[in-house]
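Source file: protein_15.cif. Holds: mmCIF, N, CA and C atoms.
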```cif
data_run
loop_
_atom_site.label_atom_id
_atom_site.label_comp_id
_atom_site.auth_asym_id
_atom_site.auth_seq_id
_atom_site.Cartn_x
_atom_site.Cartn_y
_atom_site.Cartn_z
N MET A 1 -27.35 50.32 18.19
CA MET A 1 -26.23 51.23 18.24
C MET A 1 -24.94 50.44 18.03
N LYS A 2 -23.95 51.12 17.48
CA LYS A 2 -22.66 50.50 17.22
C LYS A 2 -21.70 50.75 18.38
N VAL A 3 -20.73 49.83 18.52
CA VAL A 3 -19.67 50.00 19.51
C VAL A 3 -18.34 49.79 18.82
N PHE A 4 -17.39 50.68 19.11
CA PHE A 4 -16.06 50.61 18.53
C PHE A 4 -15.06 50.41 19.66
N ILE A 5 -14.17 49.42 19.51
CA ILE A 5 -13.15 49.17 20.52
C ILE A 5 -11.87 49.90 20.10
N ALA A 6 -11.45 50.85 20.93
CA ALA A 6 -10.23 51.60 20.67
C ALA A 6 -9.02 50.78 21.12
N ALA A 7 -8.22 50.38 20.17
CA ALA A 7 -7.05 49.53 20.47
C ALA A 7 -5.95 50.36 21.11
N SER A 8 -5.35 49.78 22.13
CA SER A 8 -4.25 50.46 22.83
C SER A 8 -2.91 49.85 22.46
N ASP A 9 -2.93 48.70 21.83
CA ASP A 9 -1.72 47.96 21.49
C ASP A 9 -0.94 47.52 22.73
N ARG A 10 -1.59 47.54 23.90
CA ARG A 10 -0.95 47.03 25.11
C ARG A 10 -0.83 45.52 25.01
N ARG A 11 0.21 44.99 25.59
CA ARG A 11 0.45 43.56 25.59
C ARG A 11 0.58 43.08 27.02
N ILE A 12 0.15 41.85 27.26
CA ILE A 12 0.24 41.25 28.58
C ILE A 12 1.56 40.52 28.69
N GLN A 13 2.34 40.92 29.66
CA GLN A 13 3.66 40.32 29.88
C GLN A 13 3.54 39.17 30.89
N PRO A 14 4.35 38.20 30.85
CA PRO A 14 5.57 38.07 30.08
C PRO A 14 5.38 37.37 28.74
N PHE A 15 4.12 37.12 28.36
CA PHE A 15 3.86 36.33 27.16
C PHE A 15 3.63 37.18 25.91
N ASP A 16 3.52 38.49 26.08
CA ASP A 16 3.30 39.43 24.99
C ASP A 16 1.97 39.19 24.27
N ASP A 17 0.96 38.76 25.04
CA ASP A 17 -0.37 38.51 24.48
C ASP A 17 -1.15 39.81 24.34
N PRO A 18 -2.04 39.90 23.35
CA PRO A 18 -2.92 41.06 23.24
C PRO A 18 -3.85 41.13 24.45
N ILE A 19 -4.28 42.35 24.81
CA ILE A 19 -5.13 42.54 25.98
C ILE A 19 -6.42 41.73 25.89
N GLY A 20 -6.96 41.57 24.70
CA GLY A 20 -8.20 40.82 24.52
C GLY A 20 -8.07 39.34 24.82
N ASP A 21 -6.84 38.84 24.86
CA ASP A 21 -6.61 37.43 25.18
C ASP A 21 -6.46 37.18 26.68
N THR A 22 -6.52 38.23 27.49
CA THR A 22 -6.38 38.09 28.93
C THR A 22 -7.47 37.17 29.47
N PRO A 23 -7.10 36.08 30.16
CA PRO A 23 -8.12 35.18 30.67
C PRO A 23 -8.77 35.71 31.95
N ILE A 24 -10.09 35.68 31.96
CA ILE A 24 -10.89 36.04 33.14
C ILE A 24 -11.88 34.90 33.34
N HIS A 25 -11.73 34.18 34.43
CA HIS A 25 -12.56 32.99 34.68
C HIS A 25 -12.54 32.04 33.49
N ASN A 26 -11.35 31.80 32.98
CA ASN A 26 -11.10 30.84 31.90
C ASN A 26 -11.72 31.23 30.56
N ARG A 27 -12.07 32.49 30.39
CA ARG A 27 -12.56 33.00 29.10
C ARG A 27 -11.77 34.26 28.76
N PRO A 28 -11.38 34.44 27.51
CA PRO A 28 -10.66 35.65 27.13
C PRO A 28 -11.53 36.90 27.35
N LEU A 29 -10.89 38.00 27.67
CA LEU A 29 -11.59 39.27 27.84
C LEU A 29 -12.46 39.60 26.63
N SER A 30 -11.96 39.32 25.44
CA SER A 30 -12.71 39.63 24.22
C SER A 30 -14.05 38.88 24.16
N VAL A 31 -14.11 37.69 24.70
CA VAL A 31 -15.37 36.92 24.74
C VAL A 31 -16.34 37.58 25.71
N TRP A 32 -15.84 38.02 26.88
CA TRP A 32 -16.68 38.73 27.84
C TRP A 32 -17.23 40.01 27.21
N GLN A 33 -16.38 40.73 26.48
CA GLN A 33 -16.81 41.97 25.85
C GLN A 33 -17.92 41.71 24.83
N GLU A 34 -17.74 40.72 23.99
CA GLU A 34 -18.75 40.41 22.97
C GLU A 34 -20.09 40.07 23.63
N GLN A 35 -20.07 39.33 24.73
CA GLN A 35 -21.30 38.99 25.45
C GLN A 35 -21.96 40.25 26.00
N ALA A 36 -21.17 41.13 26.59
CA ALA A 36 -21.70 42.38 27.14
C ALA A 36 -22.31 43.24 26.03
N PHE A 37 -21.65 43.29 24.89
CA PHE A 37 -22.18 44.07 23.77
C PHE A 37 -23.53 43.51 23.31
N ARG A 38 -23.61 42.19 23.18
CA ARG A 38 -24.88 41.57 22.78
C ARG A 38 -25.97 41.88 23.81
N ASP A 39 -25.63 41.71 25.09
CA ASP A 39 -26.61 41.95 26.16
C ASP A 39 -27.09 43.40 26.18
N ALA A 40 -26.24 44.33 25.76
CA ALA A 40 -26.60 45.75 25.75
C ALA A 40 -27.27 46.16 24.44
N GLY A 41 -27.36 45.23 23.49
CA GLY A 41 -27.97 45.55 22.20
C GLY A 41 -27.04 46.31 21.28
N LEU A 42 -25.74 46.13 21.46
CA LEU A 42 -24.74 46.82 20.65
C LEU A 42 -24.21 45.91 19.55
N THR A 43 -23.82 46.52 18.45
CA THR A 43 -23.20 45.81 17.34
C THR A 43 -21.80 46.34 17.15
N ARG A 44 -20.83 45.46 17.20
CA ARG A 44 -19.43 45.88 17.07
C ARG A 44 -19.14 46.32 15.63
N THR A 45 -18.37 47.40 15.52
CA THR A 45 -17.95 47.92 14.22
C THR A 45 -16.44 48.09 14.21
N ALA A 46 -15.84 47.88 13.07
CA ALA A 46 -14.39 48.03 12.92
C ALA A 46 -14.01 49.44 12.49
N VAL A 47 -15.02 50.26 12.19
CA VAL A 47 -14.77 51.62 11.70
C VAL A 47 -15.33 52.62 12.70
N LEU A 48 -14.50 53.55 13.11
CA LEU A 48 -14.94 54.60 14.03
C LEU A 48 -15.73 55.64 13.25
N GLU A 49 -17.04 55.52 13.35
CA GLU A 49 -17.94 56.41 12.61
C GLU A 49 -19.13 56.75 13.50
N PRO A 50 -19.26 58.01 13.91
CA PRO A 50 -20.37 58.40 14.77
C PRO A 50 -21.71 58.18 14.09
N PRO A 51 -22.76 57.96 14.82
CA PRO A 51 -22.76 57.82 16.27
C PRO A 51 -22.39 56.38 16.68
N CYS A 52 -21.57 56.28 17.68
CA CYS A 52 -21.21 54.98 18.22
C CYS A 52 -20.63 55.16 19.61
N LEU A 53 -20.64 54.09 20.36
CA LEU A 53 -20.02 54.06 21.67
C LEU A 53 -18.57 53.63 21.46
N VAL A 54 -17.63 54.39 22.02
CA VAL A 54 -16.21 54.06 21.91
C VAL A 54 -15.74 53.58 23.27
N VAL A 55 -15.20 52.36 23.31
CA VAL A 55 -14.72 51.79 24.57
C VAL A 55 -13.26 51.37 24.42
N PRO A 56 -12.50 51.38 25.52
CA PRO A 56 -11.11 50.94 25.45
C PRO A 56 -11.04 49.42 25.33
N ASP A 57 -9.95 48.93 24.78
CA ASP A 57 -9.82 47.48 24.58
C ASP A 57 -9.69 46.70 25.88
N ASN A 58 -9.45 47.37 27.00
CA ASN A 58 -9.34 46.67 28.27
C ASN A 58 -10.60 46.79 29.13
N LEU A 59 -11.71 47.23 28.53
CA LEU A 59 -12.96 47.38 29.27
C LEU A 59 -13.52 46.03 29.69
N PHE A 60 -13.85 45.93 30.98
CA PHE A 60 -14.54 44.74 31.49
C PHE A 60 -15.80 45.24 32.16
N ALA A 61 -16.93 45.07 31.50
CA ALA A 61 -18.22 45.54 32.01
C ALA A 61 -19.29 44.56 31.54
N ASN A 62 -20.45 44.65 32.18
CA ASN A 62 -21.54 43.80 31.72
C ASN A 62 -22.51 44.61 30.86
N GLY A 63 -23.43 43.90 30.24
CA GLY A 63 -24.37 44.55 29.34
C GLY A 63 -25.27 45.56 30.03
N ALA A 64 -25.65 45.27 31.28
CA ALA A 64 -26.52 46.19 32.02
C ALA A 64 -25.81 47.52 32.28
N ALA A 65 -24.53 47.48 32.61
CA ALA A 65 -23.77 48.71 32.85
C ALA A 65 -23.63 49.51 31.56
N LEU A 66 -23.35 48.84 30.46
CA LEU A 66 -23.23 49.53 29.18
C LEU A 66 -24.57 50.16 28.78
N ARG A 67 -25.65 49.41 28.93
CA ARG A 67 -26.98 49.91 28.58
C ARG A 67 -27.34 51.11 29.45
N ALA A 68 -27.04 51.05 30.75
CA ALA A 68 -27.34 52.17 31.66
C ALA A 68 -26.57 53.42 31.24
N PHE A 69 -25.31 53.25 30.86
CA PHE A 69 -24.52 54.41 30.40
C PHE A 69 -25.15 55.01 29.14
N ILE A 70 -25.48 54.16 28.19
CA ILE A 70 -26.05 54.63 26.93
C ILE A 70 -27.37 55.37 27.18
N ASP A 71 -28.22 54.81 28.02
CA ASP A 71 -29.52 55.42 28.31
C ASP A 71 -29.36 56.77 28.99
N ARG A 72 -28.42 56.87 29.92
CA ARG A 72 -28.23 58.13 30.64
C ARG A 72 -27.50 59.19 29.80
N ALA A 73 -26.74 58.73 28.82
CA ALA A 73 -26.00 59.66 27.97
C ALA A 73 -26.81 60.12 26.75
N ALA A 74 -27.97 59.54 26.54
CA ALA A 74 -28.79 59.86 25.37
C ALA A 74 -29.09 61.36 25.30
N GLY A 75 -28.87 61.93 24.12
CA GLY A 75 -29.16 63.33 23.90
C GLY A 75 -28.08 64.28 24.39
N ARG A 76 -26.99 63.71 24.92
CA ARG A 76 -25.88 64.53 25.40
C ARG A 76 -24.62 64.14 24.63
N ASN A 77 -23.67 65.01 24.58
CA ASN A 77 -22.41 64.72 23.91
C ASN A 77 -21.48 64.04 24.91
N ALA A 78 -21.85 62.82 25.30
CA ALA A 78 -21.10 62.10 26.34
C ALA A 78 -20.12 61.13 25.72
#
```

Represent the structure contained in this file as C-alpha cells.
Amino acid sequence: MKVFIAASDRRIQPFDDPIGDTPIHNRPLSVWQEQAFRDAGLTRTAVLEPPCLVVPDNLFANGAALRAFIDRAAGRNA
C-alpha cells in the first residue's frame, strides 16, 4: 500500500526548519517516519492517488500502529 504525506508547510521556530527536520532522539522526524512506513509495509508516494494512506507531515507513530490502523480500516472508507 502507498502512503502520502500531506504537507502543512509548518516551520519550527526560531530556526524556521521544516517539520520533518524536527529532531527526536537525535534523528529527524522524517527518518522516524520512513522507518515506520517500512515496518508497516508502506511505500511512500509523492502523488495523492487513491488508494493510499494519507498522513500529516507531523505524524510520529511506529509501524505497528500504522499497520493496526490499516488492518482495522480495511474495507471501510476510513

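Using all atoms listed in the file for every distance, the candidate list A:Ala61, A:Ala36, A:Leu53, A:Leu42 yields A:Leu53 as the residue closest to Ala6 in chain A.
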
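Compared by their closest atoms to Ile19 in chain A, and using all atoms listed in the file, the residues A:Asp39, A:Asn58, A:Arg44, A:Lys2 rank with A:Asn58 nearest.
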
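Taking only C-alpha atoms into account, Ser30 in chain A lies nearest to A:Leu59 out of the set A:Leu59, A:Ala46, A:Val3, A:Ile12.
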
Exactly which residues make up the result of the PyMOL selection byres ((chain A and resi 20) around 7) on this file, given as a PDB file with N, CA and C atoms, in the frame of the given file?
```pdb
ATOM      1  N   ASP A  17       0.960  38.760  25.040  1.00  0.00           N
ATOM      2  CA  ASP A  17      -0.370  38.510  24.480  1.00  0.00           C
ATOM      3  C   ASP A  17      -1.150  39.810  24.340  1.00  0.00           C
ATOM      4  N   PRO A  18      -2.040  39.900  23.350  1.00  0.00           N
ATOM      5  CA  PRO A  18      -2.920  41.060  23.240  1.00  0.00           C
ATOM      6  C   PRO A  18      -3.850  41.130  24.450  1.00  0.00           C
ATOM      7  N   ILE A  19      -4.280  42.350  24.810  1.00  0.00           N
ATOM      8  CA  ILE A  19      -5.130  42.540  25.980  1.00  0.00           C
ATOM      9  C   ILE A  19      -6.420  41.730  25.890  1.00  0.00           C
ATOM     10  N   ASP A  21      -6.840  38.840  24.860  1.00  0.00           N
ATOM     11  CA  ASP A  21      -6.610  37.430  25.180  1.00  0.00           C
ATOM     12  C   ASP A  21      -6.460  37.180  26.680  1.00  0.00           C
ATOM     13  N   THR A  22      -6.520  38.230  27.490  1.00  0.00           N
ATOM     14  CA  THR A  22      -6.380  38.090  28.930  1.00  0.00           C
ATOM     15  C   THR A  22      -7.470  37.170  29.470  1.00  0.00           C
ATOM     16  N   PRO A  23      -7.100  36.080  30.160  1.00  0.00           N
ATOM     17  CA  PRO A  23      -8.120  35.180  30.670  1.00  0.00           C
ATOM     18  C   PRO A  23      -8.770  35.710  31.950  1.00  0.00           C
ATOM     19  N   PRO A  28     -11.380  34.440  27.510  1.00  0.00           N
ATOM     20  CA  PRO A  28     -10.660  35.650  27.130  1.00  0.00           C
ATOM     21  C   PRO A  28     -11.530  36.900  27.350  1.00  0.00           C
ATOM     22  N   LEU A  29     -10.890  38.000  27.670  1.00  0.00           N
ATOM     23  CA  LEU A  29     -11.590  39.270  27.840  1.00  0.00           C
ATOM     24  C   LEU A  29     -12.460  39.600  26.630  1.00  0.00           C
ATOM     25  N   SER A  30     -11.960  39.320  25.440  1.00  0.00           N
ATOM     26  CA  SER A  30     -12.710  39.630  24.220  1.00  0.00           C
ATOM     27  C   SER A  30     -14.050  38.880  24.160  1.00  0.00           C
ATOM     28  N   VAL A  31     -14.110  37.690  24.700  1.00  0.00           N
ATOM     29  CA  VAL A  31     -15.370  36.920  24.740  1.00  0.00           C
ATOM     30  C   VAL A  31     -16.340  37.580  25.710  1.00  0.00           C
ATOM     31  N   ASP A  57      -9.950  48.930  24.780  1.00  0.00           N
ATOM     32  CA  ASP A  57      -9.820  47.480  24.580  1.00  0.00           C
ATOM     33  C   ASP A  57      -9.690  46.700  25.880  1.00  0.00           C
ATOM     34  N   ASN A  58      -9.450  47.370  27.000  1.00  0.00           N
ATOM     35  CA  ASN A  58      -9.340  46.670  28.270  1.00  0.00           C
ATOM     36  C   ASN A  58     -10.600  46.790  29.130  1.00  0.00           C
TER      37      ASN A  58
END
```

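Distances to Trp32 in chain A were evaluated for A:Gln13, A:Val47, A:Phe60, A:Phe69 using only N, CA and C atoms, and the minimum falls at A:Phe60.
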
Discussion item. Using DSSP secondary structure from the backbone, list all alpha helix (DSSP H) positions within chain A, as a list in words.
Written reply: Leu29, Ser30, Val31, Trp32, Gln33, Glu34, Gln35, Ala36, Phe37, Arg38, Asp39, Ala40, Gly63, Ala64, Ala65, Leu66, Arg67, Ala68, Phe69, Ile70, Asp71, Arg72 and Ala73 of chain A

Item to complete: May I ask for the distance between atom C of Ala73 in chain A and CA of Arg10 in chain A, given in Å to one decimal place?
Response: 29.0 Å

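Of the listed residues (A:Met1, A:His25, A:Glu49, A:Gly41), A:Gly41 comes nearest to Ala64 in chain A; the distances count all atoms listed in the file.
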
Please put the answer as lines of an AutoDock Vina configuration file: centre and edge lengths, in Å with one decimal, of a box along x, y and z that encloses all listed atoms of range 54-73 of chain A plus 6 Å on each side.
```
center_x = -19.4
center_y = 52.0
center_z = 27.4
size_x = 32.2
size_y = 28.3
size_z = 22.9
```

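Atom pair atom C of Gln35 in chain A / atom C of Asp16 in chain A has a distance of 24.0 Å (rounded to one decimal).
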
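Counting only C-alpha atoms and comparing A:Asn77, A:Arg67, A:Pro14, A:Pro56, the residue that lies closest to Ala40 in chain A is A:Arg67.
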
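Across the model, the gap from CA of Ile70 in chain A to CA of Asp9 in chain A is 25.8 Å.
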
Practice prompt. Just the strand (DSSP E) stuff from chain A, please, per backbone DSSP, written as number ranges by chain.
Written response: A: 2-6, 11-12, 17-18, 23-24, 27-28, 43-44, 52-56
